[in-house]
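In what follows, a structure is listed as structure tokens, so that the remarks can point back to it.
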Amino acid sequence: MSDPLPALEVHDLTVAYHKKPVLWGIDFQVPAGKLVGVVGPNGAGKSTLIKAAMGLLPLSSGWVQAFGAPLRDQRHRVGYVPQREEIDWDFPVNVMDVVLMGRYGKLGWLKRPGRRDREIARACLEKVRMLPYADRQISNLSGGQQQRVFLARALAQESDLYFMDEPFAGVDAATEEAIIGLLRELCREGRTVLVVHHDLASVPDYFDWLVLLNLRLVGCGPTTEMFTPAMLSKTYGGQLTVMTEVAQALAKNEALARETRH
Amino acid sequence: MSELIPPFDWVTFLTEPWSAWYRDTTVRIVAMAFCVSAACGLTGVYLILRRLALMGDAISHSVLPGIALAALLSGTLTGPPILLGAIGAGLLTTWLIDAIHRHSRVKPDAATGIVFSALFALGVAMVTQYGGDLHLDAECVLFGNLAEVATQPGIPPALIQAAAVLVATALLIGAFYKELLVGAFDPTLASSMGIPARWVHHGLMAWLSVVVVTAFEAVGSIIVVAMLIIPGATALLLTDRLWKALLLTVLHAALSSVLGFHLGLWLDGNLPAAMVVAGLALFVLAWLASPTQGLLGRWMARWRLREELERGRAGR
């Protein structure tokens, strides 16, 4: 049931803070139904890219379309998972309150979440196995549990295009496994998920499409074409520590590929 | 000591104010204090959650030139013209702070310091120059005049305005509950859903100006800051849910108004100041004894753990 139109199309996007460009002439398309990794070194503008793509930053140039229409008209089809550091965990809300926020975009002015919204929220919490914690204040959760709550909130948004800012940061291995399982399920349903990701080693495992970024777009395409020594060294510009990590990831990738061939 | 602390007399300071002879005065003063304190407290909860607590301080001072200008133009000291003047000055404050730190290397806290003190100074200059004809003087600006409601015949207009502002505050929070919640908790999500964070911010600041200017006339521009922050801060120590915190804020406003009224009578001092002292006492009480995060509970838990460890070591 994948949409024939590209889920996300970014054209000639430039974003500047105080006249200093942090993203330069970014041009790419992402087909619907893909699990997309946004990969690049620190300060490459990954978070800026997804915020700009969601229409939250003033653009110096360019435009963004989702499913063939300006993003402004597609807001109800876009979901979001923030970076963990951006959240005030002492905020007086419990797990259920947070997940219900995912429904706010579907409600009009003056409307409150109703019974159906609560049912959906409960179902989403069940999916991430956090329903027993529905009444917990959010600071009384582990890092992995907090991340799953925000994933449940994204699920409650029932969107077709998701932007997630490092959903695997500060998360234990079991939760990471659970989250990637859910993201794959979303993509099987024809939804598109863009994930800002840091751990190069897991990139070939997780994503079927990559956006390589370093202030400019280095490349965008299927992981098999993008996850190559040439493309990665271009992205990371020869940073030594990162390059060893890249080499290890590539070796692992090749071993994996050999295994699957045999 | 006996000169510093007047003798406490149960009848004079606690029961007599509520006797038939004084009841009308007492009810008016306490009701006025409650309306002002509750409206400030409810608005203040959102300031605290958005880490804008000091914006309350800033706006409570910088509305003065707006009030003075509106008073000069309209010739009155209450009602819609004054509210409009306050809203104008409040929005000018937020806009100026924004503009200064955006277009210079001055950081937001310094920009706030520049804007609100300068606007306050402008206001003081206007009041001392032209205020004489309007019964608006620096004393009134700093300390307010709570007892005024006791002397006006009929239902005092200041009390009507304060009650209306309280009701409107509650209605606005009810109407925009989810926008205010998500706007404070996760502004990025709010904007991505089409809830414009900028407008929520400006709306809150405009309303803050209305609340502050209403409180201003009763309790003065310094006490207002305490009334904005202490009720919400106390409530947020006691609960982990926003709606409960809002209810507790109103309860705090009610308790501190009544307790502060009696405290002020006893010490024969400034009533609004006594109310803030009572509110602070409630805050300290919550800080010590909050069921979830009180200091006493934490000390007890630590003490118990140490006991257990000692016992375990002794047993071995």
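Letters A, B, ... mark the chains of the structure tokens in the order given; residue numbers begin at 1 per chain; ligand numbers begin at 1, in order shown.
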
For chain B against chain A, which residues fall within 6 Å using only C-alpha atoms, given as a ChimeraX atom specification? /B:175,193,240-242

For Gly88 in chain B, work out the shell of residues within 9 Å, counting only C-alpha atoms and skipping chain neighbours fewer than 5 positions away, then give it as a list in words.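 The contact residues come out as Val63, Gly66, Leu83, Thr93, Ala206 and Ser209 of chain B.
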
Once you have the residues from the selection above, write them out as a PDB file, in the first residue's frame, restricted to all heavy atoms.
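The resulting file, again_33.pdb, is shown below:
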```pdb
ATOM      1  N   VAL B  63       5.034  46.945  33.124  1.00  0.00           N
ATOM      2  CA  VAL B  63       3.700  47.404  32.721  1.00  0.00           C
ATOM      3  C   VAL B  63       3.450  48.838  33.171  1.00  0.00           C
ATOM      4  O   VAL B  63       2.530  49.484  32.683  1.00  0.00           O
ATOM      5  CB  VAL B  63       2.558  46.506  33.264  1.00  0.00           C
ATOM      6  CG1 VAL B  63       2.533  45.169  32.565  1.00  0.00           C
ATOM      7  CG2 VAL B  63       2.630  46.352  34.751  1.00  0.00           C
ATOM      8  N   GLY B  66       2.875  51.607  30.659  1.00  0.00           N
ATOM      9  CA  GLY B  66       1.611  51.356  29.961  1.00  0.00           C
ATOM     10  C   GLY B  66       0.433  51.830  30.774  1.00  0.00           C
ATOM     11  O   GLY B  66      -0.483  52.489  30.265  1.00  0.00           O
ATOM     12  N   LEU B  83      -6.167  47.992  31.509  1.00  0.00           N
ATOM     13  CA  LEU B  83      -5.799  46.636  31.089  1.00  0.00           C
ATOM     14  C   LEU B  83      -5.128  46.669  29.723  1.00  0.00           C
ATOM     15  O   LEU B  83      -4.116  46.015  29.491  1.00  0.00           O
ATOM     16  CB  LEU B  83      -7.025  45.724  31.055  1.00  0.00           C
ATOM     17  CG  LEU B  83      -7.644  45.404  32.421  1.00  0.00           C
ATOM     18  CD1 LEU B  83      -8.804  44.425  32.268  1.00  0.00           C
ATOM     19  CD2 LEU B  83      -6.610  44.834  33.375  1.00  0.00           C
ATOM     20  N   THR B  93       7.405  44.632  26.122  1.00  0.00           N
ATOM     21  CA  THR B  93       8.517  44.059  26.881  1.00  0.00           C
ATOM     22  C   THR B  93       9.032  42.774  26.229  1.00  0.00           C
ATOM     23  O   THR B  93      10.235  42.639  25.969  1.00  0.00           O
ATOM     24  CB  THR B  93       8.065  43.722  28.323  1.00  0.00           C
ATOM     25  OG1 THR B  93       7.425  44.844  28.876  1.00  0.00           O
ATOM     26  CG2 THR B  93       9.240  43.303  29.173  1.00  0.00           C
ATOM     27  N   ALA B 206       0.687  38.304  27.336  1.00  0.00           N
ATOM     28  CA  ALA B 206      -0.378  39.307  27.349  1.00  0.00           C
ATOM     29  C   ALA B 206      -1.277  39.082  28.555  1.00  0.00           C
ATOM     30  O   ALA B 206      -1.646  40.030  29.273  1.00  0.00           O
ATOM     31  CB  ALA B 206      -1.188  39.233  26.056  1.00  0.00           C
ATOM     32  N   SER B 209       0.237  40.125  31.760  1.00  0.00           N
ATOM     33  CA  SER B 209       0.140  41.578  31.960  1.00  0.00           C
ATOM     34  C   SER B 209      -1.187  41.953  32.603  1.00  0.00           C
ATOM     35  O   SER B 209      -1.241  42.793  33.506  1.00  0.00           O
ATOM     36  CB  SER B 209       0.291  42.313  30.628  1.00  0.00           C
ATOM     37  OG  SER B 209       1.400  41.842  29.932  1.00  0.00           O
TER      38      SER B 209
END
```

Using only C-alpha atoms: which of A:Gly237, A:Gly108, A:Pro229, A:Pro21 has the shortest distance to Asn253 in chain A: A:Pro229

Could you tell me how far CA of Thr43 in chain B sits from CA of Gln161 in chain B, in Å to one decimal place?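 Spanning CA of Gln161 in chain B to CA of Thr43 in chain B is a straight-line distance of 16.4 Å.
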
Name the residues of range 71-126 of chain A that fall into helix (DSSP H, G or I) according to DSSP on the backbone, using the chain letters and numbers of this document, as a VMD selection string. chain A and resid 71 to 77 84 to 86 95 to 101 104 to 106 115 to 126

Residues near Val141 in chain B, cut-off 12 Å, only C-alpha atoms, skip fewer than 5 positions along chain, as JSON, numbers by chain: {"B": [60, 61, 62, 63, 64, 65, 67, 68, 120, 123, 124, 127, 128, 131, 135, 136, 146, 212, 213, 214, 215, 216, 217, 218, 219, 220, 221, 222, 223, 224]}

Pull N, CA and C atoms from the residues just selected and write them as a PDB file, in the first residue's frame.
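The result, written out as selection-v8.pdb:
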```
ATOM      1  N   SER B  60       5.870  42.541  35.765  1.00  0.00           N
ATOM      2  CA  SER B  60       5.207  43.269  36.855  1.00  0.00           C
ATOM      3  C   SER B  60       5.798  44.674  36.998  1.00  0.00           C
ATOM      4  N   HIS B  61       7.023  44.882  36.565  1.00  0.00           N
ATOM      5  CA  HIS B  61       7.593  46.233  36.614  1.00  0.00           C
ATOM      6  C   HIS B  61       7.361  47.001  35.314  1.00  0.00           C
ATOM      7  N   SER B  62       7.487  46.286  34.198  1.00  0.00           N
ATOM      8  CA  SER B  62       7.503  47.023  32.931  1.00  0.00           C
ATOM      9  C   SER B  62       6.112  47.426  32.460  1.00  0.00           C
ATOM     10  N   VAL B  63       5.034  46.945  33.124  1.00  0.00           N
ATOM     11  CA  VAL B  63       3.700  47.404  32.721  1.00  0.00           C
ATOM     12  C   VAL B  63       3.450  48.838  33.171  1.00  0.00           C
ATOM     13  N   LEU B  64       4.279  49.317  34.091  1.00  0.00           N
ATOM     14  CA  LEU B  64       4.004  50.646  34.680  1.00  0.00           C
ATOM     15  C   LEU B  64       3.844  51.770  33.647  1.00  0.00           C
ATOM     16  N   PRO B  65       4.773  51.917  32.690  1.00  0.00           N
ATOM     17  CA  PRO B  65       4.565  53.006  31.716  1.00  0.00           C
ATOM     18  C   PRO B  65       3.269  52.835  30.931  1.00  0.00           C
ATOM     19  N   ILE B  67       0.482  51.511  32.081  1.00  0.00           N
ATOM     20  CA  ILE B  67      -0.596  51.942  32.972  1.00  0.00           C
ATOM     21  C   ILE B  67      -0.628  53.466  33.052  1.00  0.00           C
ATOM     22  N   ALA B  68       0.552  54.059  33.228  1.00  0.00           N
ATOM     23  CA  ALA B  68       0.620  55.507  33.383  1.00  0.00           C
ATOM     24  C   ALA B  68       0.083  56.201  32.137  1.00  0.00           C
ATOM     25  N   PHE B 120      10.436  50.285  33.673  1.00  0.00           N
ATOM     26  CA  PHE B 120       9.961  50.647  35.002  1.00  0.00           C
ATOM     27  C   PHE B 120      10.389  52.074  35.338  1.00  0.00           C
ATOM     28  N   GLY B 123       8.286  54.430  33.613  1.00  0.00           N
ATOM     29  CA  GLY B 123       6.995  54.497  34.285  1.00  0.00           C
ATOM     30  C   GLY B 123       7.052  55.358  35.529  1.00  0.00           C
ATOM     31  N   VAL B 124       8.106  55.173  36.339  1.00  0.00           N
ATOM     32  CA  VAL B 124       8.253  55.961  37.573  1.00  0.00           C
ATOM     33  C   VAL B 124       8.360  57.442  37.223  1.00  0.00           C
ATOM     34  N   VAL B 127       4.954  58.669  36.358  1.00  0.00           N
ATOM     35  CA  VAL B 127       4.076  58.757  37.521  1.00  0.00           C
ATOM     36  C   VAL B 127       4.433  59.960  38.388  1.00  0.00           C
ATOM     37  N   THR B 128       5.737  60.168  38.636  1.00  0.00           N
ATOM     38  CA  THR B 128       6.116  61.292  39.497  1.00  0.00           C
ATOM     39  C   THR B 128       5.842  62.621  38.807  1.00  0.00           C
ATOM     40  N   GLY B 131       1.565  61.969  37.790  1.00  0.00           N
ATOM     41  CA  GLY B 131       0.657  61.101  38.555  1.00  0.00           C
ATOM     42  C   GLY B 131      -0.183  61.825  39.585  1.00  0.00           C
ATOM     43  N   HIS B 135      -3.963  60.313  41.502  1.00  0.00           N
ATOM     44  CA  HIS B 135      -3.814  59.507  42.716  1.00  0.00           C
ATOM     45  C   HIS B 135      -2.956  58.278  42.450  1.00  0.00           C
ATOM     46  N   LEU B 136      -1.977  58.449  41.581  1.00  0.00           N
ATOM     47  CA  LEU B 136      -1.082  57.335  41.284  1.00  0.00           C
ATOM     48  C   LEU B 136       0.283  57.785  41.774  1.00  0.00           C
ATOM     49  N   LEU B 146      -4.373  47.354  49.450  1.00  0.00           N
ATOM     50  CA  LEU B 146      -5.359  46.280  49.585  1.00  0.00           C
ATOM     51  C   LEU B 146      -6.581  46.745  50.375  1.00  0.00           C
ATOM     52  N   VAL B 212      -1.181  40.722  36.228  1.00  0.00           N
ATOM     53  CA  VAL B 212      -0.251  41.506  37.035  1.00  0.00           C
ATOM     54  C   VAL B 212      -0.808  42.889  37.332  1.00  0.00           C
ATOM     55  N   VAL B 213      -1.410  43.518  36.333  1.00  0.00           N
ATOM     56  CA  VAL B 213      -1.880  44.886  36.557  1.00  0.00           C
ATOM     57  C   VAL B 213      -3.065  44.895  37.514  1.00  0.00           C
ATOM     58  N   THR B 214      -3.863  43.833  37.485  1.00  0.00           N
ATOM     59  CA  THR B 214      -4.976  43.745  38.432  1.00  0.00           C
ATOM     60  C   THR B 214      -4.457  43.558  39.855  1.00  0.00           C
ATOM     61  N   ALA B 215      -3.427  42.738  39.977  1.00  0.00           N
ATOM     62  CA  ALA B 215      -2.851  42.465  41.293  1.00  0.00           C
ATOM     63  C   ALA B 215      -2.098  43.678  41.820  1.00  0.00           C
ATOM     64  N   PHE B 216      -1.441  44.348  40.908  1.00  0.00           N
ATOM     65  CA  PHE B 216      -0.636  45.531  41.133  1.00  0.00           C
ATOM     66  C   PHE B 216      -1.297  46.542  42.056  1.00  0.00           C
ATOM     67  N   GLU B 217      -2.552  46.881  41.729  1.00  0.00           N
ATOM     68  CA  GLU B 217      -3.242  47.922  42.470  1.00  0.00           C
ATOM     69  C   GLU B 217      -3.513  47.483  43.902  1.00  0.00           C
ATOM     70  N   ALA B 218      -3.637  46.159  44.100  1.00  0.00           N
ATOM     71  CA  ALA B 218      -3.949  45.676  45.439  1.00  0.00           C
ATOM     72  C   ALA B 218      -2.695  45.432  46.271  1.00  0.00           C
ATOM     73  N   VAL B 219      -1.685  44.810  45.648  1.00  0.00           N
ATOM     74  CA  VAL B 219      -0.561  44.362  46.469  1.00  0.00           C
ATOM     75  C   VAL B 219       0.784  44.974  46.076  1.00  0.00           C
ATOM     76  N   GLY B 220       0.835  45.743  44.996  1.00  0.00           N
ATOM     77  CA  GLY B 220       2.094  46.376  44.613  1.00  0.00           C
ATOM     78  C   GLY B 220       2.953  45.491  43.735  1.00  0.00           C
ATOM     79  N   SER B 221       3.939  46.111  43.101  1.00  0.00           N
ATOM     80  CA  SER B 221       4.669  45.415  42.028  1.00  0.00           C
ATOM     81  C   SER B 221       5.696  44.417  42.555  1.00  0.00           C
ATOM     82  N   ILE B 222       6.036  44.495  43.843  1.00  0.00           N
ATOM     83  CA  ILE B 222       7.036  43.552  44.357  1.00  0.00           C
ATOM     84  C   ILE B 222       6.363  42.295  44.885  1.00  0.00           C
ATOM     85  N   ILE B 223       5.293  42.485  45.647  1.00  0.00           N
ATOM     86  CA  ILE B 223       4.573  41.345  46.213  1.00  0.00           C
ATOM     87  C   ILE B 223       3.981  40.475  45.103  1.00  0.00           C
ATOM     88  N   VAL B 224       3.631  41.105  43.972  1.00  0.00           N
ATOM     89  CA  VAL B 224       3.071  40.357  42.843  1.00  0.00           C
ATOM     90  C   VAL B 224       3.974  39.184  42.446  1.00  0.00           C
TER      91      VAL B 224
END
```

If we count only C-alpha atoms and set the cut-off at 6 Å, which residues sit around Leu210 in chain A, ignoring sequence neighbours fewer than 4 positions away in its own chain? Please answer as a PyMOL selection string. chain A and resi 36-37+220-221+223
